[in-house]
>>> print(open('protein-v4.cif').read())   # mmCIF, C-alpha atoms
data_model
#
loop_
_atom_site.label_atom_id
_atom_site.label_comp_id
_atom_site.auth_asym_id
_atom_site.auth_seq_id
_atom_site.Cartn_x
_atom_site.Cartn_y
_atom_site.Cartn_z
CA PRO A 2 3.86 80.20 -16.96
CA PHE A 3 5.28 78.27 -14.04
CA LEU A 4 5.29 79.51 -10.48
CA TYR A 5 8.29 78.28 -8.50
CA ILE A 6 7.85 78.17 -4.72
CA LYS A 7 11.26 78.38 -3.11
CA ASP A 8 10.43 77.56 0.51
CA VAL A 9 7.45 76.55 2.59
CA GLU A 10 8.59 77.33 6.11
CA LEU A 11 6.16 76.61 8.90
CA PRO A 12 6.12 77.86 12.49
CA PHE A 13 6.88 75.00 14.84
CA GLU A 14 3.31 74.72 16.15
CA TYR A 15 1.98 74.06 12.62
CA ARG A 16 4.42 71.38 11.53
CA SER A 17 2.38 68.33 12.46
CA LEU A 18 0.55 66.53 9.70
CA GLU A 19 -2.75 67.07 11.50
CA ALA A 20 -2.42 70.87 11.29
CA THR A 21 -4.69 72.31 8.61
CA VAL A 22 -3.28 75.85 8.70
CA PRO A 23 -0.29 75.19 6.38
CA PRO A 24 -2.25 73.67 3.48
CA LYS A 25 -4.97 76.31 3.84
CA VAL A 26 -2.43 79.13 3.80
CA LEU A 27 -0.62 77.67 0.82
CA ARG A 28 -3.89 77.28 -1.03
CA SER A 29 -5.04 80.77 -0.13
CA LEU A 30 -1.76 82.23 -1.36
CA LEU A 31 -2.18 80.53 -4.73
CA LEU A 32 -5.93 81.02 -5.15
CA ASP A 33 -6.94 84.14 -3.22
CA THR A 34 -4.19 86.61 -4.14
CA THR A 35 -2.97 88.30 -7.30
CA LEU A 36 -1.20 85.04 -8.16
CA ARG A 37 -4.54 83.49 -9.16
CA ASN A 38 -4.78 82.99 -12.93
CA ARG A 39 -1.16 84.06 -13.39
CA TYR A 40 0.36 80.57 -13.48
CA SER A 41 -0.45 77.28 -15.16
CA MET A 42 1.53 75.13 -12.74
CA ALA A 43 3.04 75.72 -9.30
CA LEU A 44 6.30 73.87 -8.63
CA TYR A 45 7.96 73.15 -5.30
CA VAL A 46 11.13 71.26 -4.42
CA PRO A 47 10.74 70.45 -0.71
CA HIS A 48 13.75 70.55 1.55
CA GLY A 49 13.71 69.49 5.17
CA MET A 50 15.92 72.33 6.36
CA THR A 51 12.96 74.70 6.00
CA GLN A 52 11.28 72.66 8.76
CA ALA A 53 14.39 72.11 10.85
CA LEU A 54 14.79 73.28 14.39
CA LYS A 55 18.03 74.99 15.42
CA SER A 56 19.20 71.73 17.00
CA ASP A 57 18.56 69.89 13.69
CA GLU A 58 20.58 72.50 11.81
CA GLN A 59 23.44 72.33 14.30
CA SER A 60 23.53 68.52 14.16
CA SER A 61 23.42 68.53 10.37
CA HIS A 62 26.20 71.12 10.07
CA ALA A 63 28.36 69.33 12.65
CA ALA A 64 27.98 65.99 10.86
CA ALA A 65 28.79 67.57 7.49
CA ARG A 66 31.82 69.32 8.98
CA GLU A 67 33.10 66.03 10.45
CA MET A 68 32.69 64.26 7.10
CA MET A 69 34.48 67.09 5.29
CA ILE A 70 37.42 66.92 7.71
CA THR A 71 37.78 63.18 7.14
CA GLN A 72 37.70 63.72 3.36
CA ILE A 73 40.30 66.50 3.51
CA THR A 74 42.63 64.52 5.73
CA GLY A 75 42.14 61.35 3.70
CA GLN A 76 41.08 59.38 6.75
CA ALA A 77 38.15 57.03 6.72
CA PRO A 78 35.32 58.37 8.89
CA SER A 79 34.88 56.58 12.18
CA ALA A 80 31.77 54.53 12.82
CA GLU A 81 30.63 57.27 15.21
CA VAL A 82 31.00 59.98 12.55
CA ARG A 83 29.18 57.84 9.97
CA GLU A 84 26.37 57.18 12.47
CA ARG A 85 25.97 60.91 13.22
CA GLN A 86 25.94 61.68 9.50
CA GLN A 87 23.30 58.99 8.89
CA LYS A 88 21.13 60.31 11.74
CA ALA A 89 21.35 63.84 10.33
CA GLU A 90 20.44 62.59 6.84
CA ASP A 91 17.53 60.53 8.19
CA ARG A 92 16.19 63.51 10.15
CA LEU A 93 16.44 65.77 7.09
CA GLU A 94 14.59 63.15 5.01
CA ALA A 95 11.82 62.91 7.63
CA LEU A 96 11.43 66.70 7.67
CA THR A 97 11.34 66.79 3.86
CA VAL A 98 8.59 64.14 3.76
CA GLN A 99 6.69 66.04 6.45
CA SER A 100 6.78 69.15 4.24
CA MET A 101 5.61 67.09 1.27
CA TYR A 102 2.65 65.71 3.19
CA GLN A 103 1.50 69.25 4.04
CA CYS A 104 1.66 70.13 0.33
CA PHE A 105 -0.21 66.93 -0.60
CA ARG A 106 -3.02 68.00 1.74
CA ALA A 107 -3.28 71.29 -0.18
CA GLY A 108 -3.53 69.52 -3.54
CA PHE A 109 0.06 69.23 -4.71
CA ARG A 110 1.21 66.01 -6.35
CA GLN A 111 4.62 64.41 -6.59
CA VAL A 112 6.36 63.88 -9.89
CA ARG A 113 6.49 60.07 -9.89
CA GLU A 114 8.15 59.34 -13.22
CA PRO A 115 10.80 56.64 -12.64
CA ALA A 116 13.33 58.60 -14.69
CA VAL A 117 12.95 61.54 -12.28
CA VAL A 118 12.48 59.69 -9.00
CA GLY A 119 15.27 57.19 -9.67
CA LYS A 120 17.93 59.70 -10.69
CA ALA A 121 17.10 62.90 -8.83
CA SER A 122 18.45 63.75 -5.41
CA ASN A 123 15.33 65.84 -4.69
CA TYR A 124 11.60 65.35 -4.72
CA TYR A 125 9.51 67.48 -7.08
CA LEU A 126 5.96 68.59 -6.36
CA TYR A 127 3.51 70.37 -8.62
CA ALA A 128 -0.05 71.65 -8.55
CA LEU A 129 -2.37 72.82 -11.25
CA PRO A 130 -4.84 75.54 -10.24
CA GLN A 131 -7.75 73.10 -10.45
CA ASP A 132 -5.92 70.70 -8.07
CA LEU A 133 -6.07 73.37 -5.39
CA GLU A 134 -9.85 73.73 -5.67
CA SER A 135 -10.62 70.24 -4.33
CA PRO A 136 -11.19 69.62 -0.59
CA LEU A 137 -8.14 69.22 1.64
CA LEU A 138 -6.93 65.65 1.87
CA SER A 139 -7.25 64.01 5.25
CA VAL A 140 -4.23 62.66 7.07
CA CYS A 141 -5.27 59.11 6.12
CA GLU A 142 -5.60 60.06 2.44
CA VAL A 143 -2.19 61.72 2.46
CA LEU A 144 -0.56 58.68 4.03
CA GLU A 145 -2.18 56.48 1.38
CA VAL A 146 -0.68 58.68 -1.35
CA GLY A 147 2.76 58.12 0.11
CA VAL A 148 6.07 59.31 -1.26
CA ALA A 149 7.73 57.78 -4.30
CA LYS A 150 11.40 57.15 -3.52
CA ALA A 151 14.33 55.98 -5.54
CA PRO A 152 15.13 52.29 -5.11
CA PRO A 153 18.08 51.61 -2.82
CA PRO A 154 21.42 51.24 -4.55
CA PRO A 155 22.48 47.65 -5.24
CA LYS A 156 24.55 46.05 -2.50
CA GLU A 157 28.25 45.85 -3.14
CA LYS A 158 29.47 42.42 -4.03
CA THR A 159 31.88 41.10 -1.47
CA GLY A 160 33.19 38.26 -3.58
CA VAL A 161 31.76 35.69 -1.21
CA GLU A 162 28.26 34.74 -2.27
#
>>> encode(input="protein-v4.cif", output="structure tokens")
Amino acid sequence: PFLYIKDVELPFEYRSLEATVPPKVLRSLLLDTTLRNRYSMALYVPHGMTQALKSDEQSSHAAAREMMITQITGQAPSAEVRERQQKAEDRLEALTVQSMYQCFRAGFRQVREPAVVGKASNYYLYALPQDLESPLLSVCEVLEVGVAKAPPPPKEKTGVE
């Protein structure tokens, strides 16, 4: 059976990649509790909002609200609105990757199949019980693993090339 982990929310002081508490806690939950031997694969879909500060949430909601208003009114978003939306999306992506790195340290792996990475709007992580038995990855090892991302969309043709 699969074990789906909905959220991995960390207290602010444990959010840095150097912190070893999050991967140890995640590992302990999966190996040292009644969950042990009750799953064949643990799955996690990381989302940056679980790591967001209140200010991140407020900025993200404000940017989404502004974009929605422009869509409802049929107006094109201003450059300022687009910039705020892009900043909010970039911050959410950074927080998502930060969450992924903590899971990588614990022994999780990313689904890297091009069919999944190229078409999905989320990242997918998984761990087999034996993956969680190995030593924690160091920060350097985690950064070497990296995150597989979808290729950027092709640039629009302008007609002048």
>>> residues_near_point(input="protein-v4.cif", point="(-7.3, 75.3, 5.4)", cutoff="12 Å", atoms="only C-alpha atoms", output="PyMOL selection string")
chain A and resi 15+19-30+103-104+106-108+133-139
>>> closest_residue(input="protein-v4.cif", among="A:Lys156, A:Gln131, A:Pro12, A:Leu18", to="Ser41 (chain A)", atoms="all atoms listed in the file")
A:Gln131
>>> resolve_selection(input="protein-v4.cif", expression="the PyMOL selection byres ((chain A and resi 123) around 8)", output="MDAnalysis selection string")
chainID A and resid 46:48 121:122 124:125
>>> atom_distance(input="protein-v4.cif", atom1="CA of Arg110 (chain A)", atom2="CA of Leu96 (chain A)")
17.4 Å
>>> closest_residue(input="protein-v4.cif", among="A:Ser79, A:Arg37, A:Leu144, A:Gln72", to="Phe105 (chain A)", atoms="only C-alpha atoms")
A:Leu144
>>> atom_distance(input="protein-v4.cif", atom1="CA of Asp33 (chain A)", atom2="CA of Phe13 (chain A)")
24.5 Å
>>> atom_distance(input="protein-v4.cif", atom1="CA of Lys7 (chain A)", atom2="CA of Pro115 (chain A)")
23.7 Å
>>> closest_residue(input="protein-v4.cif", among="A:Met50, A:Ala149, A:Val117, A:Ala89", to="Ala65 (chain A)", atoms="all atoms listed in the file")
A:Ala89
>>> residues_near_point(input="protein-v4.cif", point="(21.1, 60.1, 11.3)", cutoff="12 Å", atoms="all atoms listed in the file", output="PyMOL selection string")
chain A and resi 57+60-61+63-65+81-95
>>> closest_residue(input="protein-v4.cif", among="A:Ala116, A:Ile73, A:Ala128, A:Ala151", to="Tyr40 (chain A)", atoms="all atoms listed in the file")
A:Ala128
>>> resolve_selection(input="protein-v4.cif", expression="the PyMOL selection byres ((chain A and resi 152) around 10)", output="NGL selection string")
:A and (115 or 118-120 or 149-151 or 153-155)
>>> resolve_selection(input="protein-v4.cif", expression="the PyMOL selection byres ((chain A and resi 9) around 8)", output="mmCIF file with C-alpha atoms, in the coordinates of the input")
data_model
loop_
_atom_site.group_PDB
_atom_site.id
_atom_site.type_symbol
_atom_site.label_atom_id
_atom_site.label_comp_id
_atom_site.auth_asym_id
_atom_site.auth_seq_id
_atom_site.Cartn_x
_atom_site.Cartn_y
_atom_site.Cartn_z
ATOM 1 C CA ILE A 6 7.850 78.170 -4.720
ATOM 2 C CA LYS A 7 11.260 78.380 -3.110
ATOM 3 C CA ASP A 8 10.430 77.560 0.510
ATOM 4 C CA GLU A 10 8.590 77.330 6.110
ATOM 5 C CA LEU A 11 6.160 76.610 8.900
ATOM 6 C CA PRO A 47 10.740 70.450 -0.710
ATOM 7 C CA THR A 51 12.960 74.700 6.000
ATOM 8 C CA SER A 100 6.780 69.150 4.240
#
>>> closest_residue(input="protein-v4.cif", among="A:Ala77, A:Thr97, A:Phe3, A:Thr71", to="Gly49 (chain A)", atoms="only C-alpha atoms")
A:Thr97
>>> axis_aligned_box(input="protein-v4.cif", around="region 13-17 of chain A", padding_each_side="5 Å", output="JSON")
{"center_x": 4.4, "center_y": 71.7, "center_z": 13.8, "size_x": 14.9, "size_y": 16.7, "size_z": 14.6}
>>> closest_residue(input="protein-v4.cif", among="A:Thr35, A:Arg113, A:Leu126, A:Glu14", to="Val98 (chain A)", atoms="all atoms listed in the file")
A:Leu126
